[in-house]
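Listing of coords18.cif, mmCIF, C-alpha atoms
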data_start
loop_
_atom_site.label_atom_id
_atom_site.label_comp_id
_atom_site.auth_asym_id
_atom_site.auth_seq_id
_atom_site.Cartn_x
_atom_site.Cartn_y
_atom_site.Cartn_z
CA MET G 1 -23.73 8.62 -5.82
CA ALA G 2 -22.40 11.14 -8.34
CA GLN G 3 -24.93 11.33 -11.15
CA SER G 4 -24.28 12.05 -14.81
CA VAL G 5 -20.99 13.87 -14.30
CA GLU G 6 -19.37 14.91 -17.56
CA ARG G 7 -15.89 13.67 -16.98
CA SER G 8 -13.14 12.81 -19.42
CA PHE G 9 -11.79 9.36 -18.56
CA THR G 10 -9.03 7.95 -20.74
CA VAL G 11 -7.72 4.42 -20.27
CA ALA G 12 -4.22 4.76 -21.69
CA GLY G 13 -2.79 1.80 -23.55
CA SER G 14 0.71 3.26 -23.78
CA ILE G 15 2.93 5.73 -22.00
CA ASP G 16 2.72 8.09 -24.98
CA GLU G 17 -1.05 8.07 -24.77
CA ALA G 18 -0.93 8.72 -21.02
CA LEU G 19 1.53 11.58 -21.48
CA ALA G 20 -0.61 13.15 -24.18
CA ALA G 21 -3.62 13.11 -21.86
CA ARG G 22 -1.52 14.48 -18.99
CA LEU G 23 -0.32 17.37 -21.13
CA GLN G 24 -3.95 18.22 -21.83
CA GLY G 25 -4.58 18.45 -18.09
CA ALA G 26 -5.79 14.97 -17.17
CA VAL G 27 -4.89 13.76 -13.68
CA VAL G 28 -3.10 10.40 -13.58
CA LEU G 29 -5.11 7.59 -11.93
CA ALA G 30 -3.15 4.54 -10.83
CA GLY G 31 -4.64 2.55 -7.93
CA GLY G 32 -6.98 5.36 -6.95
CA THR G 33 -6.59 4.97 -3.19
CA TRP G 34 -5.54 8.60 -2.68
CA LEU G 35 -7.53 10.27 -5.44
CA LEU G 36 -10.83 8.62 -4.46
CA ARG G 37 -10.55 10.27 -1.05
CA ASP G 38 -10.57 13.76 -2.54
CA PRO G 39 -14.28 14.25 -1.75
CA LEU G 40 -13.61 13.45 1.92
CA ARG G 41 -10.95 16.18 1.93
CA GLY G 42 -13.41 18.64 0.45
CA VAL G 43 -11.75 18.48 -2.97
CA GLU G 44 -13.74 17.76 -6.11
CA LEU G 45 -12.63 14.87 -8.26
CA PRO G 46 -10.75 16.02 -11.36
CA GLU G 47 -12.69 16.73 -14.54
CA ALA G 48 -10.22 14.80 -16.67
CA VAL G 49 -8.54 11.55 -15.64
CA VAL G 50 -6.11 9.24 -17.40
CA ALA G 51 -5.94 5.68 -16.04
CA VAL G 52 -2.57 3.98 -16.46
CA HIS G 53 -3.40 0.49 -15.18
CA ARG G 54 -3.49 -1.06 -18.67
CA ILE G 55 0.10 -0.08 -19.56
CA PRO G 56 2.03 -3.37 -19.21
CA SER G 57 5.50 -1.89 -18.60
CA LEU G 58 4.27 0.04 -15.57
CA SER G 59 3.51 -3.21 -13.74
CA GLU G 60 6.93 -4.84 -14.20
CA VAL G 61 9.69 -5.39 -11.66
CA ILE G 62 12.97 -6.28 -13.38
CA VAL G 63 15.76 -7.56 -11.15
CA GLU G 64 19.16 -7.36 -12.86
CA ALA G 65 22.63 -8.09 -11.54
CA ASP G 66 23.45 -4.46 -10.83
CA ARG G 67 20.08 -2.76 -10.59
CA ILE G 68 16.36 -3.16 -10.06
CA VAL G 69 13.81 -1.42 -12.28
CA ILE G 70 10.33 -0.97 -10.84
CA GLY G 71 7.38 0.16 -12.96
CA ALA G 72 5.49 3.07 -11.43
CA GLY G 73 2.25 1.08 -11.48
CA VAL G 74 3.58 -1.76 -9.32
CA THR G 75 1.45 -2.22 -6.22
CA HIS G 76 2.87 -2.30 -2.71
CA GLU G 77 1.99 -5.97 -2.43
CA ALA G 78 3.71 -6.87 -5.71
CA LEU G 79 6.76 -4.81 -4.78
CA GLY G 80 7.15 -6.52 -1.43
CA LYS G 81 6.89 -9.96 -3.05
CA ALA G 82 9.34 -9.08 -5.84
CA LEU G 83 12.09 -7.72 -3.57
CA ARG G 84 11.69 -9.98 -0.54
CA GLY G 85 14.93 -11.77 0.17
CA ILE G 86 17.13 -9.48 -1.94
CA ALA G 87 19.91 -8.24 0.34
CA GLY G 88 20.05 -4.49 0.82
CA PHE G 89 16.41 -3.73 0.13
CA GLU G 90 14.93 -4.69 3.47
CA ALA G 91 13.73 -1.09 3.94
CA VAL G 92 11.78 -1.07 0.68
CA VAL G 93 10.24 -4.46 1.43
CA CYS G 94 9.26 -3.38 4.94
CA ALA G 95 7.78 -0.12 3.64
CA ALA G 96 5.82 -1.98 0.96
CA GLU G 97 4.57 -4.63 3.37
CA SER G 98 3.67 -2.45 6.33
CA ALA G 99 2.06 0.62 4.75
CA ALA G 100 -1.68 1.04 5.33
CA ASN G 101 -3.39 -2.39 5.32
CA PRO G 102 -3.46 -5.47 3.08
CA GLY G 103 -6.42 -4.31 0.98
CA ILE G 104 -4.83 -0.95 0.23
CA ARG G 105 -1.45 -2.56 -0.47
CA ARG G 106 -3.06 -4.72 -3.18
CA VAL G 107 -4.19 -1.58 -4.99
CA ALA G 108 -1.94 1.39 -4.10
CA THR G 109 1.08 1.81 -6.35
CA ILE G 110 4.65 2.95 -5.83
CA GLY G 111 4.09 5.73 -8.35
CA GLY G 112 1.00 6.94 -6.54
CA ASN G 113 2.90 6.89 -3.25
CA LEU G 114 5.63 9.14 -4.69
CA CYS G 115 3.38 11.43 -6.72
CA SER G 116 0.69 12.23 -4.13
CA ILE G 117 1.95 15.67 -3.27
CA ASP G 118 -0.28 16.22 -0.25
CA PHE G 119 0.50 12.85 1.40
CA PRO G 120 3.41 13.35 3.83
CA ALA G 121 3.17 9.89 5.44
CA ALA G 122 4.06 7.87 2.33
CA ASP G 123 6.16 4.90 3.49
CA LEU G 124 8.02 4.30 0.25
CA ALA G 125 9.36 7.85 -0.04
CA PRO G 126 11.88 7.64 2.85
CA ALA G 127 12.73 4.02 2.03
CA LEU G 128 13.61 4.92 -1.55
CA LEU G 129 15.49 8.05 -0.41
CA ALA G 130 17.63 5.95 1.91
CA CYS G 131 18.24 3.38 -0.81
CA GLY G 132 19.42 6.09 -3.19
CA ALA G 133 16.76 5.47 -5.83
CA ALA G 134 16.42 7.38 -9.05
CA VAL G 135 13.25 7.82 -11.09
CA GLU G 136 12.52 8.06 -14.78
CA LEU G 137 9.94 10.47 -16.10
CA GLU G 138 8.51 10.37 -19.61
CA THR G 139 8.51 13.84 -21.10
CA THR G 140 7.77 15.24 -24.54
CA SER G 141 11.50 15.19 -25.24
CA GLY G 142 11.92 11.58 -24.10
CA PRO G 143 12.84 9.87 -20.84
CA LYS G 144 14.36 12.04 -18.12
CA ARG G 145 16.19 10.49 -15.17
CA ILE G 146 16.47 12.34 -11.84
CA ASP G 147 17.14 11.40 -8.23
CA ILE G 148 14.33 10.97 -5.73
CA PRO G 149 14.98 14.22 -3.79
CA SER G 150 14.65 16.20 -7.02
CA LEU G 151 11.29 14.55 -7.70
CA LEU G 152 9.95 15.00 -4.17
CA ASN G 153 10.97 18.63 -3.97
CA ASP G 154 9.56 19.70 -7.34
CA ARG G 155 6.60 17.44 -7.96
CA PRO G 156 4.11 20.13 -9.03
CA GLY G 157 6.50 21.45 -11.67
CA LEU G 158 7.80 18.12 -12.91
CA LEU G 159 4.58 16.13 -12.93
CA ASP G 160 2.72 18.87 -14.75
CA GLN G 161 4.66 18.03 -17.89
CA SER G 162 5.61 14.40 -17.46
CA ILE G 163 4.57 10.94 -16.25
CA LEU G 164 6.52 8.94 -13.69
CA THR G 165 7.30 5.61 -15.36
CA LYS G 166 10.13 3.86 -13.47
CA ILE G 167 11.95 3.72 -10.17
CA LEU G 168 15.55 2.53 -10.36
CA LEU G 169 17.62 1.06 -7.55
CA ARG G 170 21.35 0.31 -7.73
CA ARG G 171 22.31 -2.96 -6.09
CA ASP G 172 25.16 -1.54 -4.05
CA LEU G 173 23.57 -1.84 -0.62
CA ILE G 174 24.50 -4.37 2.03
CA ALA G 175 21.62 -3.70 4.40
CA SER G 176 18.74 -1.32 5.05
CA ALA G 177 16.02 -0.86 7.65
CA HIS G 178 12.65 0.87 7.79
CA ILE G 179 11.26 1.89 11.17
CA ARG G 180 7.80 3.39 11.45
CA LEU G 181 5.81 4.65 14.41
CA PRO G 182 2.04 4.50 14.00
CA LEU G 183 -0.20 5.33 16.95
CA ARG G 184 -1.76 1.89 16.75
CA LYS G 185 0.29 -1.19 16.01
CA ALA G 186 -0.81 -1.25 12.37
CA GLY G 187 -3.28 0.13 9.86
CA ASP G 188 -2.56 3.73 10.77
CA TYR G 189 -0.65 6.64 9.26
CA PRO G 190 2.79 6.67 10.88
CA VAL G 191 3.66 9.60 13.13
CA ALA G 192 7.25 9.35 11.94
CA ILE G 193 9.26 7.09 9.66
CA VAL G 194 13.02 6.53 9.58
CA SER G 195 14.78 4.57 6.83
CA LEU G 196 18.49 3.76 6.85
CA ALA G 197 20.65 2.06 4.23
CA LEU G 198 24.29 1.07 4.32
CA ASP G 199 26.24 0.71 1.09
CA GLN G 200 29.28 -1.39 0.31
CA ASP G 201 31.59 1.44 1.39
CA ARG G 202 29.82 1.54 4.77
CA ARG G 203 28.26 4.91 4.00
CA CYS G 204 24.91 5.30 5.68
CA ARG G 205 22.03 7.17 4.07
CA ILE G 206 19.23 8.19 6.41
CA ALA G 207 15.80 9.48 5.41
CA VAL G 208 12.82 10.66 7.40
CA GLY G 209 9.17 10.65 6.38
CA SER G 210 5.93 11.94 7.86
CA VAL G 211 7.67 14.42 10.19
CA GLU G 212 7.82 17.31 7.72
CA PRO G 213 5.44 17.82 4.77
CA VAL G 214 7.93 16.19 2.39
CA ALA G 215 10.25 13.26 3.16
CA ARG G 216 13.95 14.14 3.09
CA ARG G 217 17.44 12.89 3.80
CA TRP G 218 18.88 13.58 7.28
CA THR G 219 22.23 14.74 5.94
CA VAL G 220 23.64 16.26 9.15
CA LEU G 221 23.13 12.95 10.90
CA GLU G 222 24.68 11.09 7.98
CA GLN G 223 27.76 13.30 8.37
CA ALA G 224 27.83 12.67 12.12
CA PHE G 225 27.64 8.91 11.49
CA ALA G 226 30.47 9.16 8.95
CA ALA G 227 32.68 10.86 11.56
CA GLU G 228 32.35 7.85 13.89
CA PRO G 229 35.18 5.28 14.04
CA GLY G 230 34.65 2.91 11.11
CA GLY G 231 32.25 5.37 9.52
CA PHE G 232 29.17 4.11 11.35
CA PRO G 233 28.08 3.97 15.03
CA ARG G 234 28.32 0.39 16.29
CA VAL G 235 26.17 0.99 19.34
CA PRO G 236 22.47 1.92 18.87
CA GLU G 237 22.52 4.21 21.93
CA ARG G 238 25.39 6.17 20.36
CA ALA G 239 23.30 6.59 17.20
CA GLU G 240 20.39 7.79 19.35
CA ALA G 241 22.63 10.37 21.05
CA LEU G 242 23.90 11.63 17.71
CA ALA G 243 20.33 11.90 16.43
CA SER G 244 19.33 13.97 19.47
CA GLU G 245 22.33 16.24 18.96
CA HIS G 246 21.68 16.76 15.24
CA ASN G 247 17.89 16.87 15.15
CA ASP G 248 17.18 19.63 12.61
CA PHE G 249 13.55 18.70 11.86
CA ASP G 250 10.60 21.05 12.10
CA GLY G 251 7.67 18.72 12.74
CA ARG G 252 4.33 19.28 11.07
CA ASP G 253 1.19 19.42 13.17
CA GLY G 254 -1.46 16.91 12.14
CA THR G 255 -4.43 14.97 13.40
CA GLU G 256 -2.29 11.99 14.41
CA ALA G 257 0.34 13.98 16.32
CA ASP G 258 1.75 17.42 16.99
CA GLY G 259 4.93 18.51 15.26
CA TRP G 260 7.05 18.52 18.43
CA TYR G 261 6.17 14.89 19.08
CA ARG G 262 7.07 13.74 15.58
CA ARG G 263 10.45 15.43 16.00
CA GLN G 264 10.94 14.10 19.52
CA VAL G 265 10.56 10.42 18.58
CA LEU G 266 13.20 10.48 15.85
CA PRO G 267 16.25 9.60 18.02
CA VAL G 268 14.52 6.47 19.34
CA LEU G 269 13.58 5.43 15.81
CA ILE G 270 17.20 5.95 14.75
CA LYS G 271 18.31 3.71 17.62
CA ARG G 272 15.91 0.99 16.48
CA GLY G 273 17.03 1.42 12.88
CA VAL G 274 20.72 1.11 13.71
CA ALA G 275 19.97 -1.94 15.86
CA ALA G 276 18.16 -3.49 12.89
CA LEU G 277 21.11 -2.74 10.60
CA LEU G 278 23.55 -4.24 13.09
CA GLU G 279 21.47 -7.40 13.24
CA SER G 280 21.89 -7.81 9.50
CA GLU G 281 24.36 -10.37 8.36
CA GLY G 282 27.98 -9.20 8.43
CA LEU G 283 27.39 -6.07 10.47
CA ALA G 284 27.15 -7.29 14.03
CA MET Q 1 -18.73 6.25 -20.22
CA THR Q 2 -19.82 2.60 -20.28
CA VAL Q 3 -18.01 0.02 -18.17
CA THR Q 4 -18.78 -3.68 -18.42
CA PHE Q 5 -17.71 -6.22 -15.85
CA ARG Q 6 -18.88 -9.45 -14.25
CA LEU Q 7 -20.71 -9.07 -10.95
CA ASN Q 8 -21.34 -12.22 -8.94
CA GLY Q 9 -21.18 -14.28 -12.10
CA GLU Q 10 -23.40 -12.11 -14.27
CA ASP Q 11 -22.56 -9.45 -16.84
CA TYR Q 12 -23.17 -5.94 -15.63
CA ARG Q 13 -23.00 -2.73 -17.62
CA PHE Q 14 -22.62 0.64 -15.92
CA ARG Q 15 -23.14 3.87 -17.83
CA ASP Q 16 -22.29 6.98 -15.84
CA ASP Q 17 -19.33 8.63 -14.11
CA PRO Q 18 -16.30 6.28 -14.29
CA MET Q 19 -14.95 7.77 -11.06
CA THR Q 20 -17.95 6.43 -9.14
CA PRO Q 21 -16.71 4.21 -6.31
CA LEU Q 22 -17.69 0.58 -6.81
CA ILE Q 23 -19.41 0.49 -3.43
CA ASP Q 24 -21.99 3.04 -4.55
CA ILE Q 25 -22.91 0.92 -7.53
CA LEU Q 26 -23.16 -2.22 -5.43
CA ARG Q 27 -25.41 -0.67 -2.82
CA GLN Q 28 -27.41 1.93 -4.74
CA GLU Q 29 -27.71 0.44 -8.21
CA ARG Q 30 -27.58 -3.29 -7.52
CA PHE Q 31 -28.96 -3.25 -3.94
CA LEU Q 32 -26.16 -5.55 -2.81
CA THR Q 33 -26.18 -4.07 0.66
CA GLY Q 34 -24.10 -6.78 2.30
CA THR Q 35 -21.11 -4.65 1.35
CA LYS Q 36 -21.03 -1.88 3.96
CA ALA Q 37 -20.02 1.73 3.43
CA VAL Q 38 -18.46 2.82 6.71
CA CYS Q 39 -15.27 4.90 6.62
CA ARG Q 40 -15.08 5.35 2.83
CA GLU Q 41 -11.32 5.78 3.00
CA GLY Q 42 -9.93 2.28 3.07
CA PHE Q 43 -9.32 2.03 6.81
CA CYS Q 44 -12.16 -0.16 8.05
CA GLY Q 45 -12.47 -2.96 5.49
CA ALA Q 46 -16.27 -3.24 5.77
CA CYS Q 47 -16.62 -2.68 2.02
CA THR Q 48 -14.14 -5.38 0.99
CA VAL Q 49 -15.03 -7.32 -2.16
CA HIS Q 50 -13.06 -9.53 -4.54
CA VAL Q 51 -11.85 -8.01 -7.80
CA ASP Q 52 -10.26 -10.68 -9.99
CA GLY Q 53 -9.79 -12.71 -6.81
CA ASP Q 54 -8.08 -9.98 -4.79
CA ALA Q 55 -9.73 -8.68 -1.62
CA VAL Q 56 -9.85 -4.89 -2.05
CA PRO Q 57 -11.81 -1.98 -0.57
CA SER Q 58 -14.68 -1.14 -2.93
CA CYS Q 59 -14.93 2.40 -1.54
CA LEU Q 60 -11.63 3.31 -3.24
CA LYS Q 61 -12.15 1.45 -6.50
CA PRO Q 62 -13.38 3.71 -9.30
CA VAL Q 63 -15.62 1.75 -11.61
CA GLY Q 64 -13.63 3.00 -14.60
CA LEU Q 65 -10.84 0.61 -13.60
CA LEU Q 66 -13.13 -2.42 -13.68
CA GLU Q 67 -13.63 -2.99 -17.41
CA GLY Q 68 -13.53 -6.75 -17.97
CA CYS Q 69 -12.98 -7.55 -14.30
CA GLU Q 70 -14.69 -10.21 -12.18
CA VAL Q 71 -16.27 -8.73 -9.06
CA VAL Q 72 -17.59 -10.91 -6.25
CA THR Q 73 -19.44 -9.54 -3.22
CA ILE Q 74 -20.57 -11.31 -0.07
CA GLU Q 75 -23.83 -12.10 -1.87
CA GLY Q 76 -21.81 -13.95 -4.49
CA LEU Q 77 -20.66 -16.52 -1.95
CA SER Q 78 -24.13 -17.75 -1.14
CA ALA Q 79 -27.60 -16.42 -1.85
CA GLY Q 80 -29.83 -16.05 1.19
CA ASN Q 81 -31.84 -19.19 0.41
CA GLN Q 82 -28.81 -21.39 -0.19
CA VAL Q 83 -26.32 -23.19 2.00
CA LEU Q 84 -23.75 -20.82 3.45
CA HIS Q 85 -20.20 -20.79 2.23
CA PRO Q 86 -18.16 -23.08 4.56
CA LEU Q 87 -16.32 -20.09 6.10
CA GLN Q 88 -19.61 -18.31 6.77
CA ALA Q 89 -21.02 -21.51 8.27
CA ALA Q 90 -17.93 -21.86 10.47
CA PHE Q 91 -18.32 -18.32 11.77
CA GLU Q 92 -21.99 -18.95 12.48
CA ALA Q 93 -21.23 -22.23 14.27
CA ALA Q 94 -18.58 -20.53 16.40
CA ASP Q 95 -20.95 -17.66 17.21
CA ALA Q 96 -18.25 -15.29 15.98
CA VAL Q 97 -20.59 -12.69 14.50
CA GLN Q 98 -21.64 -9.84 16.77
CA CYS Q 99 -23.29 -6.73 15.30
CA GLY Q 100 -22.44 -7.87 11.78
CA MET Q 101 -21.34 -4.53 10.37
CA CYS Q 102 -17.75 -5.58 9.73
CA PHE Q 103 -18.52 -9.16 8.87
CA PRO Q 104 -19.10 -9.18 5.11
CA GLY Q 105 -15.74 -7.44 4.67
CA MET Q 106 -14.12 -9.71 7.21
CA VAL Q 107 -15.34 -12.81 5.34
CA MET Q 108 -14.18 -11.49 1.96
CA SER Q 109 -10.73 -10.57 3.27
CA LEU Q 110 -10.19 -13.82 5.14
CA LEU Q 111 -11.52 -16.03 2.37
CA ALA Q 112 -8.90 -14.74 -0.07
CA PHE Q 113 -6.26 -14.94 2.65
CA MET Q 114 -7.07 -18.57 3.44
CA ARG Q 115 -6.94 -19.48 -0.25
CA ASP Q 116 -3.48 -17.92 -0.62
CA ASN Q 117 -2.05 -18.91 2.78
CA PRO Q 118 -3.12 -22.44 3.68
CA ASP Q 119 -0.28 -22.77 6.20
CA ALA Q 120 -0.91 -19.43 7.92
CA SER Q 121 -0.08 -19.04 11.60
CA ARG Q 122 -2.21 -17.25 14.15
CA ASP Q 123 -0.02 -14.14 13.75
CA ASP Q 124 -0.43 -14.33 9.98
CA ILE Q 125 -4.21 -14.38 10.41
CA LYS Q 126 -4.05 -11.32 12.66
CA ALA Q 127 -1.85 -9.49 10.18
CA ALA Q 128 -4.35 -10.26 7.42
CA MET Q 129 -7.11 -8.65 9.50
CA VAL Q 130 -5.30 -5.35 10.03
CA GLY Q 131 -7.55 -3.65 7.50
CA ASN Q 132 -10.80 -5.04 8.91
CA ILE Q 133 -11.90 -3.23 12.01
CA CYS Q 134 -14.48 -4.79 14.34
CA ARG Q 135 -15.87 -2.20 16.75
CA CYS Q 136 -17.42 -5.01 18.80
CA THR Q 137 -13.78 -6.13 19.22
CA GLY Q 138 -14.66 -9.76 18.68
CA TYR Q 139 -11.37 -10.56 17.04
CA GLU Q 140 -10.22 -13.57 19.00
CA ARG Q 141 -13.18 -15.74 18.09
CA ILE Q 142 -12.72 -14.82 14.43
CA VAL Q 143 -9.04 -15.75 14.60
CA ASP Q 144 -9.90 -19.02 16.36
CA THR Q 145 -12.41 -19.91 13.65
CA VAL Q 146 -10.03 -19.17 10.79
CA ALA Q 147 -7.25 -21.15 12.49
CA ASP Q 148 -9.65 -24.10 12.95
CA CYS Q 149 -10.79 -23.92 9.31
CA LEU Q 150 -7.20 -23.87 8.08
CA ALA Q 151 -6.33 -26.84 10.27
CA GLN Q 152 -9.32 -28.75 8.87
CA GLN Q 153 -8.28 -27.84 5.32
CA ARG Q 154 -4.78 -29.14 5.95
CA GLN Q 155 -6.12 -32.35 7.48
CA THR Q 156 -8.46 -32.88 4.54
CA ALA Q 157 -5.65 -32.29 2.07
CA LYS Q 158 -3.40 -34.67 3.98
CA VAL Q 159 -5.99 -37.44 3.92
CA ALA Q 160 -6.81 -36.80 0.26
CA GLY Q 161 -3.11 -36.94 -0.52
CA GLY Q 162 -2.84 -40.37 1.11
CA ALA Q 163 -0.36 -39.34 3.79
CA ASP Q 164 -2.38 -40.98 6.52
CA VAL Q 165 -3.23 -44.14 4.66
#
Please, can you express the file's structure as structure tokens?
Amino acid sequence: MAQSVERSFTVAGSIDEALAARLQGAVVLAGGTWLLRDPLRGVELPEAVVAVHRIPSLSEVIVEADRIVIGAGVTHEALGKALRGIAGFEAVVCAAESAANPGIRRVATIGGNLCSIDFPAADLAPALLACGAAVELETTSGPKRIDIPSLLNDRPGLLDQSILTKILLRRDLIASAHIRLPLRKAGDYPVAIVSLALDQDRRCRIAVGSVEPVARRWTVLEQAFAAEPGGFPRVPERAEALASEHNDFDGRDGTEADGWYRRQVLPVLIKRGVAALLESEGLA
Amino acid sequence: MTVTFRLNGEDYRFRDDPMTPLIDILRQERFLTGTKAVCREGFCGACTVHVDGDAVPSCLKPVGLLEGCEVVTIEGLSAGNQVLHPLQAAFEAADAVQCGMCFPGMVMSLLAFMRDNPDASRDDIKAAMVGNICRCTGYERIVDTVADCLAQQRQTAKVAGGADV
């Protein structure tokens, strides 16, 4: 057990207080499920920590007619419960309810999932990319709203000077799906993750996680889908063929799988994802 | 930093590094060694305890987050010289325990699950055990026992509610 470590530990009661501590170099602690594993990765725990679990607004999920606002401190379990049954957000619910294991899901937060820079297998990242989410950061000059790709691609720079407070989802989706491939049936980091979402104009957004170091949209495949009759492939095997043809991923090597394998499984996951979308009401 | 919380029904005050994982306090400070430290990264579930009623891995819970919380470990269910908790007794009667390493965590996870899911199916029980790994692979007998206990609970509730009268 660590003995008598001189560590600054602030329990923030407000976002302003958390931001002030962050600006002085404190690392944000939400659920702790990633940070507490630092010693196992050979990384020392931070000297200064600001805990955000006592900030009430960070634990809220607000469902409005045209949008959903999710506090960054909402746990996976709470997120799955809050969005279950809301049409269009099947991918987010599946990501929240299938990541890691039940014990972790009761503790790990959506904000932690998005802000853990060195965690490429985060389930919520591709799901939120596919669903077109935006995020709100609290900065010294007030709230700043950006899209998820901007956050994921510049986390070190952005999170150095701000705190992630909200995730925002527009309610313009008719269906979404989240397909993950762990080596075991559950309780494992996925080798690859594919999320798809279809909006009211039948435009399909596709995102991939765990294959490259940072989750990203599969824009060339989205364009190929859009060129299909009706703007979307109606046969899963056709979607699989398009995914094989437009596979522009450079898989990362890791302990669970080699990079080539992560890349190779993507067309099959796309096929499963399109099949899941087609099974949704009104699409078959 | 000082952190005060309830541990198995008693006040407990910890004064040291707030990033100390709860499991280290349980085992090394309080000698509550029923909670097992195995993987230390939230995969195995052997360190599962209840924090404010939720079954969570104590290896990933920094004590600094526990101010004012209610923590219950396997020892909090029944002291060694007392009658076992009904779920523990059911596992013993069914001879479901093998080496025992996973079992405190298994009991803590399943106890909270049974409380929250009285109508759970066999698949639901299996899904609830995803984060509790048994290297003896004795899962089926555990699932059988939980399913039997849930069925008994439902029967008891039915009788108490007068449905069979």
Subject >> Result set of the PyMOL selection byres ((chain G) within 10 of (chain Q)) on the coordinates above, as an MDAnalysis selection string >> reply: chainID G and resid 1:11 29:38 40 45:47 49 51:54 98 100:108 185:188
Subject >> Hits of the PyMOL selection byres ((chain Q and resi 88) around 10) in this structure, as a list in words >> reply: Ile74, Leu77, Ser78, Val83, Leu84, His85, Pro86, Leu87, Ala89, Ala90, Phe91, Glu92, Ala93, Ala94, Ala96, Val97, Phe103, Pro104, Val107, Met108 and Leu111 of chain Q
Dump as a PDB file, keeping the file's coordinate frame, selection limited to C-alpha atoms:
ATOM      1  CA  ILE Q  74     -20.570 -11.310  -0.070  1.00  0.00           C
ATOM      2  CA  LEU Q  77     -20.660 -16.520  -1.950  1.00  0.00           C
ATOM      3  CA  SER Q  78     -24.130 -17.750  -1.140  1.00  0.00           C
ATOM      4  CA  VAL Q  83     -26.320 -23.190   2.000  1.00  0.00           C
ATOM      5  CA  LEU Q  84     -23.750 -20.820   3.450  1.00  0.00           C
ATOM      6  CA  HIS Q  85     -20.200 -20.790   2.230  1.00  0.00           C
ATOM      7  CA  PRO Q  86     -18.160 -23.080   4.560  1.00  0.00           C
ATOM      8  CA  LEU Q  87     -16.320 -20.090   6.100  1.00  0.00           C
ATOM      9  CA  ALA Q  89     -21.020 -21.510   8.270  1.00  0.00           C
ATOM     10  CA  ALA Q  90     -17.930 -21.860  10.470  1.00  0.00           C
ATOM     11  CA  PHE Q  91     -18.320 -18.320  11.770  1.00  0.00           C
ATOM     12  CA  GLU Q  92     -21.990 -18.950  12.480  1.00  0.00           C
ATOM     13  CA  ALA Q  93     -21.230 -22.230  14.270  1.00  0.00           C
ATOM     14  CA  ALA Q  94     -18.580 -20.530  16.400  1.00  0.00           C
ATOM     15  CA  ALA Q  96     -18.250 -15.290  15.980  1.00  0.00           C
ATOM     16  CA  VAL Q  97     -20.590 -12.690  14.500  1.00  0.00           C
ATOM     17  CA  PHE Q 103     -18.520  -9.160   8.870  1.00  0.00           C
ATOM     18  CA  PRO Q 104     -19.100  -9.180   5.110  1.00  0.00           C
ATOM     19  CA  VAL Q 107     -15.340 -12.810   5.340  1.00  0.00           C
ATOM     20  CA  MET Q 108     -14.180 -11.490   1.960  1.00  0.00           C
ATOM     21  CA  LEU Q 111     -11.520 -16.030   2.370  1.00  0.00           C
TER      22      LEU Q 111
END
Original post:
For Q:Phe14, which residue among Q:Arg30, Q:Arg135, Q:Arg154, Q:Lys126 is the nearest when counting all atoms listed in the file?
Top reply: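 Residue with the minimum atom-to-atom distance to Q:Phe14: Q:Arg30.
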Surrounding residues of G:Leu278 excluding itself and chain neighbours under 3 positions, 12 Å, all atoms listed in the file, as a compact mmCIF listing (two decimals) with C-alpha atoms, keeping the file's coordinate frame:
# COMPACT_ATOMS: atom_id res chain seq x y z
CA ILE G 174 24.50 -4.37 2.03
CA ALA G 175 21.62 -3.70 4.40
CA SER G 176 18.74 -1.32 5.05
CA ALA G 177 16.02 -0.86 7.65
CA LEU G 196 18.49 3.76 6.85
CA ALA G 197 20.65 2.06 4.23
CA LEU G 198 24.29 1.07 4.32
CA ARG G 202 29.82 1.54 4.77
CA PHE G 232 29.17 4.11 11.35
CA PRO G 233 28.08 3.97 15.03
CA ARG G 234 28.32 0.39 16.29
CA VAL G 235 26.17 0.99 19.34
CA PRO G 236 22.47 1.92 18.87
CA ALA G 239 23.30 6.59 17.20
CA LYS G 271 18.31 3.71 17.62
CA ARG G 272 15.91 0.99 16.48
CA GLY G 273 17.03 1.42 12.88
CA VAL G 274 20.72 1.11 13.71
CA ALA G 275 19.97 -1.94 15.86
CA GLU G 281 24.36 -10.37 8.36
CA GLY G 282 27.98 -9.20 8.43
CA LEU G 283 27.39 -6.07 10.47
CA ALA G 284 27.15 -7.29 14.03
**OP:** Select all residues near (12.5, 6.8, 0.1) (cut-off 9 Å, inclusive, file coordinates), counting all atoms listed in the file, and output them as a VMD selection string.
**Re:** chain G and resid 91 to 92 114 122 to 133 148 to 149 195 207 to 209 215 to 217
Subject >> Output check: residues returned by the PyMOL selection byres ((chain G and resi 163) around 8), as a ChimeraX atom specification >> reply: /G:15,18-19,22,137-139,159,161-162,164-165
Could the residues in this selection be saved with C-alpha atoms as a PDB file, in the frame of the given file?
ATOM      1  CA  ILE G  15       2.930   5.730 -22.000  1.00  0.00           C
ATOM      2  CA  ALA G  18      -0.930   8.720 -21.020  1.00  0.00           C
ATOM      3  CA  LEU G  19       1.530  11.580 -21.480  1.00  0.00           C
ATOM      4  CA  ARG G  22      -1.520  14.480 -18.990  1.00  0.00           C
ATOM      5  CA  LEU G 137       9.940  10.470 -16.100  1.00  0.00           C
ATOM      6  CA  GLU G 138       8.510  10.370 -19.610  1.00  0.00           C
ATOM      7  CA  THR G 139       8.510  13.840 -21.100  1.00  0.00           C
ATOM      8  CA  LEU G 159       4.580  16.130 -12.930  1.00  0.00           C
ATOM      9  CA  GLN G 161       4.660  18.030 -17.890  1.00  0.00           C
ATOM     10  CA  SER G 162       5.610  14.400 -17.460  1.00  0.00           C
ATOM     11  CA  LEU G 164       6.520   8.940 -13.690  1.00  0.00           C
ATOM     12  CA  THR G 165       7.300   5.610 -15.360  1.00  0.00           C
TER      13      THR G 165
END
